[in-house]
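**Q** Below you'll find the structure I mean.
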Amino acid sequence: MDTCHGFHKVNQSQQCWYIKNTSDCKIDDGFINYLEVVYCHFDHKLIPLAMVLMFIWLICLFIALGNTAEDFFCPALTVISHTLKLSQNVAGVTFLAFGNGAPDIFSAIAAITNAKNGDAGLAVGALFGAGVFVTTIVAGSIALTRPFKAAERPFLRDCIFYLAAAFWTFTILWDGKITLAQAIGFIGLYAFYVIVVIVGRKIYQYQKKKRQAAESNGADAKGEYNSNNVRTEPFDSSEIDPETCKYYGAVNSKHDVRPSQAIKGVLDVTEQVTVAPLFGNQVANSPAFLPQTSREEIASIGSDEFSPLLGRVDSRPPPSQLKALLHGINPIDTENWKQKPFYAKFYEIFKSPFQFAFQITIPVVDYDEENHNWNRLLNTLHVITGPVFCIFVTKVAFKPISGGFLAWHLVLCICVVLALVVFFTSKHEHYPIYHWAFAYIGFVVAVLWIYSIANEIVNILQMFGLQFNISDAILGLTLLAWGNSIGDLIADTTMAKQGFPNMGMSACFGGPMFNMLLGIGISCTIATIKHGGSFKLNYNPIQTVLASGLAISLLSSLFIMLITKFHVTRPYGIYLIVLYIIFLTVALLVETDVINL
């Protein structure tokens with residue numbers, strides 16, 4: 001059977017015909033065959049220009065993927081976990097962790113479901129490559145930013161689980177196939193990890209309470225009291241429980257401390273936004289998380305006087321429905337436009353087309369926003385645009401139902417009726433009782449957006465691989481891994497600068513492990529079901545380099561932490577960055593056959 005790489009061997013005049021008529025050049029998912037676009041819609045002399053345009057489009061897709069996950073997917077998961085009345089621990093290690101890893105997981109699903117002849121190198125390269133990148137470059141950057149003492153038990157636990165996940169993945173790749181039971185086993189291993197985290201959290205809290213009870217008498221004798229007879233002491237970040245902070249700080253940081261905000265230089269106070277979800281919104285008003293404000297000062301003010309200062313006191317009347325609609329669909333932050341530097345303005349304009357498409361199709365329920373972000377006209381429009389988008393993106397819109405009546409006609413009719421119901425049963429001034437249901441609509445629409453964008457990223461990376469004869473594994477460990485991990489680098493180092501390095505370091509090991517277990521587990525479960533219970537996976541030498549690089553990173557970090565008694569130092573950070581450079585160099589040398597394995 002002819003392979004798609006064969007288009008290089010035919011005459012230039014026949015390359016378009018070859019690509020169109022070779023089954024190996026067809027795309028399984030997604031909407032655009034980028035190889036066909038380049039060779040059938042550009043003159044041969046303009047192919048370099050086409051490659052540049054494709055690379056710019058790839059950057060746009062990565063930005064869109066991150067924005068969808070952060071601005072639309074994570075808020076929906078937060079509301080869903082609230083409506084299901086999940087405990088904060090369970091929500092943190094399930095829904096919120098899933099929101100943080102959505103780009104990586106959906107990229108893995110897209111890469112494996114699009115894999116041809118068992119070549120899942122793109123997914124494997126991305127998961128292993130992102131793991132090495134985050135555990136070396138990101139962790140090293142945190143160590144260089146702020147040396148600190150790591151939380152011992154969570155660090156050991158995450159390293160051990162991550163090593164087990166990586167070893168199991170490499171064993172399956174070595175065998176050359178994965179069964180349905182093995183794929184489900186990855187999900188089961190993560191479920192076991194969740195149980196360990198929750199049980200460990202309970203034990204930690206129990207021991208902490210016993211310790212506090214034993215020390216309470218001595219603490220009363222040593223404490224200092226203010227004029228209101230309130231005991232005061234300086235805030236210590238070590239008081240924060242690392243078990244919970246890992247997920248409500250590090251994982252949710254990509255939603256709260258957004259990379260786009262970091263780039264634009266308009267970061268919020270990280271201490272407040274990363275830790276507030278731990279104990280409820282009231283902690284945002286806690287003295288411990290107020291910059292330049294001591295506990296004694298706040299205690300002297302009194303809670304009744306202090307709370308309104310942090311609340312949203314706005315005596316202005318609410319905007320009209322039309323103004324609210326226009327504000328809701330405006331993809332550019334016009335309120336702070338004048339204060340933004342030029343590069344932030346450029347970024348706003350650059351991402352505005354995608355942002356506009358997201359805002360008119362994905363409803364967002366946000367408990368932190370005024371009126372829970374209810375917008376009567378826009379949410380009524382969402383009832384129509386969201387489901388219609390879903391029916392088209394799943395490629396069932398044009399399936400006939402009866403005669404010339406198509407599937408999208410039926411969906412549109414139903415949605416118009418529901419939209420009218422929403423409009424006439426709601427008010428502009430206050431959200432309706434069923435407003436929470438829009439979070440579920442937003443969840444479904446956001447998932448389809450993320451999966452569709454991930455498919456396009458995979459297709460365009462495969463096009464680059466065919467054009468430049470680069471293996472999927474190398475593309476995965478470089479472009480796909482970097483694109484999905486840049487948010488971790490910005491968010492985690494930002495937390496370290498703001499005084500929370502333990503959160504960022506925990507995310508460096510817990511996050512990639514979550515992505516590997518569910519990225520492989522969910523995608524291979526789908527693939528094995530589609531292929532009759534087992535799925536073939538091709539092994540190549542570069543996968544040995546990937547697994548070895550990750551194993552060396554984890555084992556050396558574990559060894560160094562034990563030797564230094566879990567003190568994260570700047571020399572350790574330098575070592576990690578050098579290790580990644582060596583790993584990437586060896587991977588490229590193996591790819592180019594300079595080193596033969």
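So you can find residues: chains in the structure tokens are A, B, ... in the order shown, residues in each start at 1, and ligands are numbered from 1 in order.
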Need to verify the contact set: range 591-593 of chain A, 9 Å, only C-alpha atoms, exclusion of same-chain residues closer than 6 positions in sequence. Can you return it as number ranges by chain?

**A** A: 470-471, 474, 541-542

**Q** Limited to N, CA, C and O atoms, could you put the picked residues into a file as an mmCIF file, in the first residue's frame?

**A**
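File written: again_34.cif
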data_model
loop_
_atom_site.group_PDB
_atom_site.id
_atom_site.type_symbol
_atom_site.label_atom_id
_atom_site.label_comp_id
_atom_site.auth_asym_id
_atom_site.auth_seq_id
_atom_site.Cartn_x
_atom_site.Cartn_y
_atom_site.Cartn_z
ATOM 1 N N ILE A 470 9.751 14.171 9.715
ATOM 2 C CA ILE A 470 10.018 14.095 11.151
ATOM 3 C C ILE A 470 9.031 13.101 11.754
ATOM 4 O O ILE A 470 7.849 13.098 11.420
ATOM 5 N N SER A 471 9.518 12.269 12.666
ATOM 6 C CA SER A 471 8.640 11.271 13.278
ATOM 7 C C SER A 471 7.623 11.951 14.191
ATOM 8 O O SER A 471 7.858 13.047 14.726
ATOM 9 N N ILE A 474 8.965 12.764 17.795
ATOM 10 C CA ILE A 474 9.729 14.002 17.959
ATOM 11 C C ILE A 474 8.797 15.205 17.963
ATOM 12 O O ILE A 474 8.946 16.139 18.767
ATOM 13 N N PRO A 541 12.709 3.192 18.673
ATOM 14 C CA PRO A 541 13.772 3.495 19.651
ATOM 15 C C PRO A 541 13.595 4.822 20.375
ATOM 16 O O PRO A 541 14.039 4.963 21.524
ATOM 17 N N ILE A 542 12.972 5.795 19.738
ATOM 18 C CA ILE A 542 12.837 7.095 20.388
ATOM 19 C C ILE A 542 11.996 6.988 21.652
ATOM 20 O O ILE A 542 12.156 7.779 22.600
#

**Q** Check range 292-446 of chain A with DSSP on the backbone and list each residue it calls alpha helix (DSSP H), as a VMD selection string.

**A** chain A and resid 295 to 301 303 to 310 321 to 329 342 to 361 376 to 393 407 to 424 437 to 446

**Q** Counting only C-alpha atoms, which residue out of A:Thr425, A:Gln467, A:Ser534, A:Thr394 sits closest to Val38 in chain A?

**A**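 The answer is A:Gln467, which sits nearest to Val38 in chain A.
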
**Q** Output as a list in words all residues of range 88-185 of chain A that backbone DSSP marks as strand (DSSP E or B).

**A**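 Reading the DSSP output for range 88-185 of chain A, strand (DSSP E or B) covers Phe148, Lys149, Lys177, Ile178 and Thr179 of chain A.
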
**Q** Which is closer to Pro147 in chain A than all the others in A:Thr179, A:Asn379, A:Ser523, A:Asn502, using only C-alpha atoms?

**A**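 Counting only C-alpha atoms, the residue closest to Pro147 in chain A is A:Asn502.
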
**Q** Can you tell me, as a PyMOL selection string, what residues are no more than 10 Å from Ile109 in chain A when counting only C-alpha atoms, ignoring any on the same chain fewer than 6 positions away?

**A** chain A and resi 103+115+123+451+454-455+518-527

**Q** Which one is closest to Ile457 in chain A: A:Val444, A:Cys16, A:Cys40, A:Leu61? Count only C-alpha atoms.

**A**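 Using only C-alpha atoms, Ile457 in chain A sits closest to A:Leu61.
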
**Q** List the neighbours of Val124 in chain A out to 8 Å using only C-alpha atoms; skip same-chain residues closer than 4 positions along the sequence, and give me the result as an NGL selection string.

**A** :A and (108 or 120 or 128-129 or 473 or 476 or 543)

**Q** Now that the selection is made, can you save its residues with N, CA and C atoms as a short mmCIF file (atom, residue, chain, number, x, y, z; two decimals), in the first residue's frame?

**A**
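The result, written out as out-v7.cif:
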data_model
loop_
_atom_site.label_atom_id
_atom_site.label_comp_id
_atom_site.auth_asym_id
_atom_site.auth_seq_id
_atom_site.Cartn_x
_atom_site.Cartn_y
_atom_site.Cartn_z
N ALA A 108 -4.03 13.84 23.51
CA ALA A 108 -3.69 12.42 23.47
C ALA A 108 -4.82 11.60 22.84
N ALA A 120 1.19 5.54 17.35
CA ALA A 120 0.71 6.50 18.35
C ALA A 120 1.86 7.34 18.88
N PHE A 128 5.07 11.78 27.30
CA PHE A 128 6.40 11.63 27.89
C PHE A 128 7.19 12.95 27.79
N GLY A 129 7.10 13.60 26.63
CA GLY A 129 7.84 14.84 26.44
C GLY A 129 7.39 15.93 27.38
N ALA A 473 6.86 11.02 17.11
CA ALA A 473 7.37 11.06 18.49
C ALA A 473 8.13 12.35 18.75
N GLY A 476 5.78 15.17 18.94
CA GLY A 476 5.06 15.13 20.21
C GLY A 476 5.87 15.67 21.36
N GLN A 543 11.10 5.99 21.69
CA GLN A 543 10.29 5.80 22.89
C GLN A 543 11.13 5.36 24.08
#

**Q** Residues within 9 Å of range 545-549 of chain A, please, as a list of chain:residue names. Count only C-alpha atoms; anything in the same chain fewer than 3 positions from it doesn't count.

**A**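 The residues satisfying every condition are A:Val124, A:Gly125, A:Phe128, A:Gly129, A:Val132, A:Ala166, A:Phe167, A:Thr169, A:Phe170, A:Ala473, A:Leu477, A:Pro541, A:Ile542, A:Ile552, A:Ser553, A:Leu554, A:Leu579, A:Tyr580, A:Phe583, A:Leu584, A:Val586, A:Ala587, A:Val590.
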
**Q** Hey, what's within 9 Å of Trp482 in chain A if we count only C-alpha atoms and toss same-chain stuff fewer than 3 positions away? As number ranges by chain, please?

**A** A: 126, 129-130, 133, 476-479, 485-486

**Q** Find the spatial neighbours of Val138 in chain A, counting only C-alpha atoms, within a cut-off of 7 Å - ignore same-chain residues fewer than 4 positions away - and output them as a list in words.

**A**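 The residues satisfying every condition are Phe133, Val134, Ile142, Leu489 and Cys508 of chain A.
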
**Q** One decimal, Å: what's the distance from CA of Ala496 in chain A over to CA of Ile137 in chain A, could you say?

**A** 13.9 Å
